[in-house]
2 protein chains.
Amino acid sequence: MQAASNPSNRLLAALPRKDYARLVPTLAPVTLKFGATLYEPQQPIPHVYFPIDCLVSLLVPTDGRQLLEVGMVGHEGMVGASIALGMPSSSLHALVQGGGSALRMSAGRFRSELAGSPPLQLMVNRYLHALMAQISQTVACNHFHVVEARLARWLLMTRDRMRSLEFRMTHQFLAQMLGVRRVGVTEAAGALQGRNLIEYARGHIRILDALGLEAACCGCYTAPSAVPA
Amino acid sequence: MQAASNPSNRLLAALPRKDYARLVPTLAPVTLKFGATLYEPQQPIPHVYFPIDCLVSLLVPTDGRQLLEVGMVGHEGMVGASIALGMPSSSLHALVQGGGSALRMSAGRFRSELAGSPPLQLMVNRYLHALMAQISQTVACNHFHVVEARLARWLLMTRDRMRSLEFRMTHQFLAQMLGVRRVGVTEAAGALQGRNLIEYARGHIRILDALGLEAACCGCYTAPSAVPA
DNA sequence: CCCCATCCGTACGCAGGCGCACAGTCACGG
DNA sequence: CCGTGACTGTGCGCCTGCGTACGGATGGGG
């Protein structure tokens, strides 16, 4: 288990030193800006990203032009893992929800590095499995749980991935992620704030009581383990 | 595109003749019975299955002992694909929803065959990608669409995988799959029957008007392509 | 042949969330 | 310093689905 403040990507950090060293020169540090779109469905994936302290949401398109979040990626994983399945594109949108730094590699390069590094394959495969589990969990959570609990879960998951208790996020944006009305978020957030679990104002949210939030949350939340499994 | 009546598994059928031939002796035909549990979460996966004319549901456990369907597998895919990601277990339940025949292989054997057959890897990876897309779609569908549309989608997806317009299925069971009350299914099914799209009685459902069903269905339904992509 | 378990139909009050609308408040830029 | 746009708070009627309950129907086993 690494310290939460370790400024690196866990998926890469779990590689054997040799494999990691070979990868380093192919990785370019980049800063991802809030709101940026990394991929759109059915479009070619130019790069894969290994987040360090940013947050990327995976969103499924729906009929009415709406997007709904099905998963999120932070320093525990990577964006663009479907490249590892040999697919040139993802079926999901990838949108930067929390600005921050990441390491980037071209898709082609990733493919060849993958071919030459079984440990990298292993880690990516594990991550794919964890991501499928996360998405499956989301199916159940979105369906059965009330907005307040889902919001609590979202905040905790975001905290884990951003390694920060405070982030920029409007109710409108949260509503989009959770697939509910903005008003629904306002009410749920108000309730959490009323219990001193969070505080927020004009596009900033801060977690005051993480344990309390976990209690307010549904059972769907589990902190990501050191190595995604 | 194969004839729908071709009694084989499409994933295997799409392999080059040579790879397919090598696989054949490792595959045992089995009959899967309605209601059988193939896997439970966190339990080792003993075998992988390539359905021919049966239907296997993938279900996520929820707090209250309930199970919710997140995906289904038929002759277009395989059950236990997470083995290909190097994981010894799945995070989902795998339950036989429609009895029928399948081809079975031990997990260990599958792993070694996979290592020796890049075309098999390719097909399995494609299928994993398609499955992730299916699960993601389910997130949105379960969340936004009314029971009637979701039921229509479920029936069409089942038809595609069972290659049959008629199957055994009670309202109670459907309710479990869709994560709603039995009464909700009764009402939705009654509405579809009233429009002569389906007919049903005591645990049997028959599709009368597939095109009409597609119209009653949400946009989440798309027929699986010949090769899962 | 009849009984009983299983399956389906219907009813009723309730809650969570929706769509919409409008008002108040804060931050930033000109 | 003020105005404008972005963000949050509140209200209202509506609809879908929930939980529960009970009654009717059907078909297979004793």
# chains A, B, ... in the order shown; residues from 1 in each chain; ligands from 1
>>> select_by_dssp(residues="region 60-204 of chain B", states="strand (DSSP E)", output="JSON, numbers by chain")
{"B": [60, 61, 67, 68, 69, 70, 71, 72, 73, 93, 94, 95, 96, 97, 98, 100, 101, 102, 103, 104, 105, 106, 166, 167, 168, 198, 199, 200, 201, 204]}
>>> select_by_dssp(residues="region 73-131 of chain B", states="alpha helix (DSSP H)", output="list in words")
Ala107, Gly108, Arg109, Phe110, Arg111, Ser112, Glu113, Leu114, Ala115, Gly116, Pro118, Pro119, Leu120, Gln121, Leu122, Met123, Val124, Asn125, Arg126, Tyr127, Leu128, His129, Ala130 and Leu131 of chain B
>>> write_last_selection(atoms="N, CA and C atoms", output="PDB file, in the first residue's frame")
ATOM      1  N   ALA B 107     -10.863 -24.206 -17.340  1.00  0.00           N
ATOM      2  CA  ALA B 107     -10.270 -22.877 -17.311  1.00  0.00           C
ATOM      3  C   ALA B 107      -8.777 -22.946 -17.625  1.00  0.00           C
ATOM      4  N   GLY B 108      -8.107 -23.942 -17.059  1.00  0.00           N
ATOM      5  CA  GLY B 108      -6.679 -24.062 -17.286  1.00  0.00           C
ATOM      6  C   GLY B 108      -6.371 -24.310 -18.754  1.00  0.00           C
ATOM      7  N   ARG B 109      -7.149 -25.174 -19.332  1.00  0.00           N
ATOM      8  CA  ARG B 109      -6.966 -25.469 -20.746  1.00  0.00           C
ATOM      9  C   ARG B 109      -7.213 -24.234 -21.601  1.00  0.00           C
ATOM     10  N   PHE B 110      -8.218 -23.508 -21.237  1.00  0.00           N
ATOM     11  CA  PHE B 110      -8.534 -22.295 -21.986  1.00  0.00           C
ATOM     12  C   PHE B 110      -7.357 -21.328 -21.941  1.00  0.00           C
ATOM     13  N   ARG B 111      -6.778 -21.196 -20.776  1.00  0.00           N
ATOM     14  CA  ARG B 111      -5.627 -20.314 -20.634  1.00  0.00           C
ATOM     15  C   ARG B 111      -4.493 -20.723 -21.568  1.00  0.00           C
ATOM     16  N   SER B 112      -4.226 -22.024 -21.609  1.00  0.00           N
ATOM     17  CA  SER B 112      -3.086 -22.427 -22.443  1.00  0.00           C
ATOM     18  C   SER B 112      -3.426 -22.339 -23.930  1.00  0.00           C
ATOM     19  N   GLU B 113      -4.652 -22.668 -24.275  1.00  0.00           N
ATOM     20  CA  GLU B 113      -5.051 -22.534 -25.675  1.00  0.00           C
ATOM     21  C   GLU B 113      -4.955 -21.076 -26.127  1.00  0.00           C
ATOM     22  N   LEU B 114      -5.344 -20.222 -25.231  1.00  0.00           N
ATOM     23  CA  LEU B 114      -5.319 -18.793 -25.519  1.00  0.00           C
ATOM     24  C   LEU B 114      -3.887 -18.346 -25.804  1.00  0.00           C
ATOM     25  N   ALA B 115      -2.978 -18.839 -24.979  1.00  0.00           N
ATOM     26  CA  ALA B 115      -1.577 -18.453 -25.145  1.00  0.00           C
ATOM     27  C   ALA B 115      -1.049 -18.899 -26.504  1.00  0.00           C
ATOM     28  N   GLY B 116      -1.585 -20.009 -27.009  1.00  0.00           N
ATOM     29  CA  GLY B 116      -1.064 -20.542 -28.259  1.00  0.00           C
ATOM     30  C   GLY B 116      -1.830 -20.127 -29.495  1.00  0.00           C
ATOM     31  N   PRO B 118      -3.192 -16.682 -31.152  1.00  0.00           N
ATOM     32  CA  PRO B 118      -3.501 -15.254 -31.253  1.00  0.00           C
ATOM     33  C   PRO B 118      -4.893 -14.974 -31.825  1.00  0.00           C
ATOM     34  N   PRO B 119      -5.356 -15.743 -32.804  1.00  0.00           N
ATOM     35  CA  PRO B 119      -6.718 -15.452 -33.281  1.00  0.00           C
ATOM     36  C   PRO B 119      -7.768 -15.638 -32.191  1.00  0.00           C
ATOM     37  N   LEU B 120      -7.555 -16.622 -31.341  1.00  0.00           N
ATOM     38  CA  LEU B 120      -8.493 -16.810 -30.235  1.00  0.00           C
ATOM     39  C   LEU B 120      -8.425 -15.610 -29.288  1.00  0.00           C
ATOM     40  N   GLN B 121      -7.214 -15.173 -29.007  1.00  0.00           N
ATOM     41  CA  GLN B 121      -7.063 -13.969 -28.183  1.00  0.00           C
ATOM     42  C   GLN B 121      -7.839 -12.812 -28.774  1.00  0.00           C
ATOM     43  N   LEU B 122      -7.676 -12.659 -30.064  1.00  0.00           N
ATOM     44  CA  LEU B 122      -8.343 -11.550 -30.737  1.00  0.00           C
ATOM     45  C   LEU B 122      -9.854 -11.604 -30.539  1.00  0.00           C
ATOM     46  N   MET B 123     -10.406 -12.788 -30.761  1.00  0.00           N
ATOM     47  CA  MET B 123     -11.856 -12.919 -30.655  1.00  0.00           C
ATOM     48  C   MET B 123     -12.324 -12.689 -29.231  1.00  0.00           C
ATOM     49  N   VAL B 124     -11.593 -13.226 -28.281  1.00  0.00           N
ATOM     50  CA  VAL B 124     -11.987 -13.078 -26.890  1.00  0.00           C
ATOM     51  C   VAL B 124     -11.885 -11.606 -26.472  1.00  0.00           C
ATOM     52  N   ASN B 125     -10.821 -10.956 -26.917  1.00  0.00           N
ATOM     53  CA  ASN B 125     -10.684  -9.543 -26.591  1.00  0.00           C
ATOM     54  C   ASN B 125     -11.822  -8.722 -27.183  1.00  0.00           C
ATOM     55  N   ARG B 126     -12.157  -9.026 -28.405  1.00  0.00           N
ATOM     56  CA  ARG B 126     -13.287  -8.325 -29.020  1.00  0.00           C
ATOM     57  C   ARG B 126     -14.551  -8.547 -28.212  1.00  0.00           C
ATOM     58  N   TYR B 127     -14.707  -9.781 -27.790  1.00  0.00           N
ATOM     59  CA  TYR B 127     -15.920 -10.071 -27.036  1.00  0.00           C
ATOM     60  C   TYR B 127     -15.931  -9.336 -25.706  1.00  0.00           C
ATOM     61  N   LEU B 128     -14.797  -9.288 -25.050  1.00  0.00           N
ATOM     62  CA  LEU B 128     -14.723  -8.548 -23.786  1.00  0.00           C
ATOM     63  C   LEU B 128     -15.118  -7.087 -24.001  1.00  0.00           C
ATOM     64  N   HIS B 129     -14.639  -6.551 -25.082  1.00  0.00           N
ATOM     65  CA  HIS B 129     -14.968  -5.163 -25.386  1.00  0.00           C
ATOM     66  C   HIS B 129     -16.463  -4.999 -25.614  1.00  0.00           C
ATOM     67  N   ALA B 130     -17.042  -5.925 -26.364  1.00  0.00           N
ATOM     68  CA  ALA B 130     -18.479  -5.865 -26.618  1.00  0.00           C
ATOM     69  C   ALA B 130     -19.263  -6.021 -25.322  1.00  0.00           C
ATOM     70  N   LEU B 131     -18.771  -6.874 -24.451  1.00  0.00           N
ATOM     71  CA  LEU B 131     -19.461  -7.101 -23.189  1.00  0.00           C
ATOM     72  C   LEU B 131     -19.425  -5.846 -22.324  1.00  0.00           C
TER      73      LEU B 131
END
>>> residues_around(residues="region 49-56 of chain A", least_positions_apart="4", cutoff="7 Å", atoms="only C-alpha atoms (C1' of nucleotides)", output="mmCIF file with C-alpha atoms, in the first residue's frame")
data_model
loop_
_atom_site.group_PDB
_atom_site.id
_atom_site.type_symbol
_atom_site.label_atom_id
_atom_site.label_comp_id
_atom_site.auth_asym_id
_atom_site.auth_seq_id
_atom_site.Cartn_x
_atom_site.Cartn_y
_atom_site.Cartn_z
ATOM 1 C CA PRO A 7 2.484 11.445 -6.788
ATOM 2 C CA SER A 8 2.401 8.674 -9.323
ATOM 3 C CA ASN A 9 0.159 6.299 -11.129
ATOM 4 C CA MET A 72 -14.242 6.901 -13.282
ATOM 5 C CA VAL A 73 -10.507 6.617 -13.629
ATOM 6 C CA GLY A 74 -7.833 8.131 -11.431
ATOM 7 C CA HIS A 75 -4.327 7.264 -10.390
ATOM 8 C CA GLY A 77 -5.864 2.982 -13.484
ATOM 9 C CA MET A 78 -5.597 4.174 -17.032
ATOM 10 C CA VAL A 79 -7.722 5.734 -19.702
ATOM 11 C CA GLY A 80 -7.885 3.909 -22.988
ATOM 12 C CA ALA A 94 -13.790 10.043 -21.669
ATOM 13 C CA LEU A 95 -14.111 13.430 -20.069
ATOM 14 C CA VAL A 96 -11.793 15.197 -17.646
ATOM 15 C CA GLN A 97 -13.808 15.868 -14.499
ATOM 16 C CA GLY A 98 -10.962 16.979 -12.335
ATOM 17 C CA GLY A 99 -8.008 18.787 -13.804
ATOM 18 C CA GLY A 100 -4.542 17.606 -12.967
ATOM 19 C CA SER A 101 -1.511 15.801 -14.238
ATOM 20 C CA ALA A 102 -1.206 12.535 -16.098
ATOM 21 C CA LEU A 103 1.274 10.592 -18.154
ATOM 22 C CA ARG A 104 0.496 10.128 -21.805
ATOM 23 C CA MET A 105 1.594 7.626 -24.418
ATOM 24 C CA ARG A 161 -8.881 9.335 -7.295
ATOM 25 C CA MET A 162 -8.068 13.005 -6.910
ATOM 26 C CA ARG A 163 -6.256 12.460 -3.602
#
>>> closest_atom_pairs(of="chain B", to="chain D", cutoff="9 Å", atoms="only C-alpha atoms (C1' of nucleotides)", output="tab-separated table")
residue	atom	partner	partner_atom	distance
B:Val146	CA	D:DT16	C1'	7.9
B:Val147	CA	D:DG17	C1'	8.9
B:Val180	CA	D:DG17	C1'	8.0
B:Arg181	CA	D:DC18	C1'	7.6
B:Gly184	CA	D:DG17	C1'	7.5
B:Arg202	CA	D:DT26	C1'	7.8
>>> write_last_selection(atoms="C-alpha atoms", output="PDB file, in the first residue's frame")
ATOM      1  CA  VAL B 146     -39.528   2.586 -18.326  1.00  0.00           C
ATOM      2  CA  VAL B 147     -40.150  -1.042 -17.528  1.00  0.00           C
ATOM      3  CA  VAL B 180     -38.409  -4.375 -10.566  1.00  0.00           C
ATOM      4  CA  ARG B 181     -41.482  -5.817  -8.868  1.00  0.00           C
ATOM      5  CA  GLY B 184     -44.316  -4.203 -12.784  1.00  0.00           C
ATOM      6  CA  ARG B 202     -47.859 -19.575 -17.096  1.00  0.00           C
TER       7      ARG B 202
END
>>> atom_distance(atom1="CA of Glu166 (chain B)", atom2="CA of Met132 (chain B)")
27.4 Å
>>> interface_residues(of="chain C", to="chain B", cutoff="12 Å", atoms="only C-alpha atoms (C1' of nucleotides)", output="list of chain:residue names")
C:DT6, C:DC7, C:DC8, C:DG9, C:DT10, C:DA11, C:DG17, C:DC18
>>> interface_residues(of="chain B", to="chain A", cutoff="10 Å", atoms="only C-alpha atoms", output="number ranges by chain")
B: 58-63, 66-71, 82-87, 89-92, 121-144, 178-180, 218-220, 229
>>> atom_distance(atom1="CA of Pro25 (chain A)", atom2="CA of Pro44 (chain A)")
23.6 Å
>>> atom_distance(atom1="CA of Ala216 (chain A)", atom2="CA of Ala152 (chain A)")
6.5 Å
>>> decode(residues="chain C", atoms="C-alpha atoms (C1' of nucleotides)", output="compact mmCIF listing (two decimals), in the first residue's frame")
# COMPACT_ATOMS: atom_id res chain seq x y z
C1' DC C 1 -59.79 -36.68 -10.42
C1' DC C 2 -58.97 -33.38 -7.25
C1' DC C 3 -55.83 -30.61 -4.56
C1' DC C 4 -52.35 -27.44 -4.02
C1' DA C 5 -48.37 -24.99 -5.43
C1' DT C 6 -47.30 -21.87 -8.82
C1' DC C 7 -48.40 -18.19 -11.69
C1' DC C 8 -50.93 -14.11 -13.09
C1' DG C 9 -54.32 -10.04 -12.44
C1' DT C 10 -55.80 -6.09 -9.83
C1' DA C 11 -56.07 -2.59 -6.22
C1' DC C 12 -54.39 1.15 -3.08
C1' DG C 13 -51.62 4.38 -0.69
C1' DC C 14 -46.97 6.16 -0.75
C1' DA C 15 -42.34 7.99 -2.03
C1' DG C 16 -38.75 9.44 -4.96
C1' DG C 17 -37.73 11.77 -8.76
C1' DC C 18 -39.20 14.63 -12.98
C1' DG C 19 -40.17 18.93 -15.52
C1' DC C 20 -40.74 23.42 -15.05
C1' DA C 21 -40.45 27.96 -13.26
C1' DC C 22 -38.67 31.71 -10.69
C1' DA C 23 -36.06 34.07 -7.11
C1' DG C 24 -31.99 35.00 -4.50
C1' DT C 25 -26.81 35.24 -4.19
C1' DC C 26 -22.19 35.41 -5.30
C1' DA C 27 -17.92 36.38 -8.42
C1' DC C 28 -15.73 38.45 -11.84
C1' DG C 29 -14.85 41.70 -15.47
C1' DG C 30 -15.45 46.03 -17.56
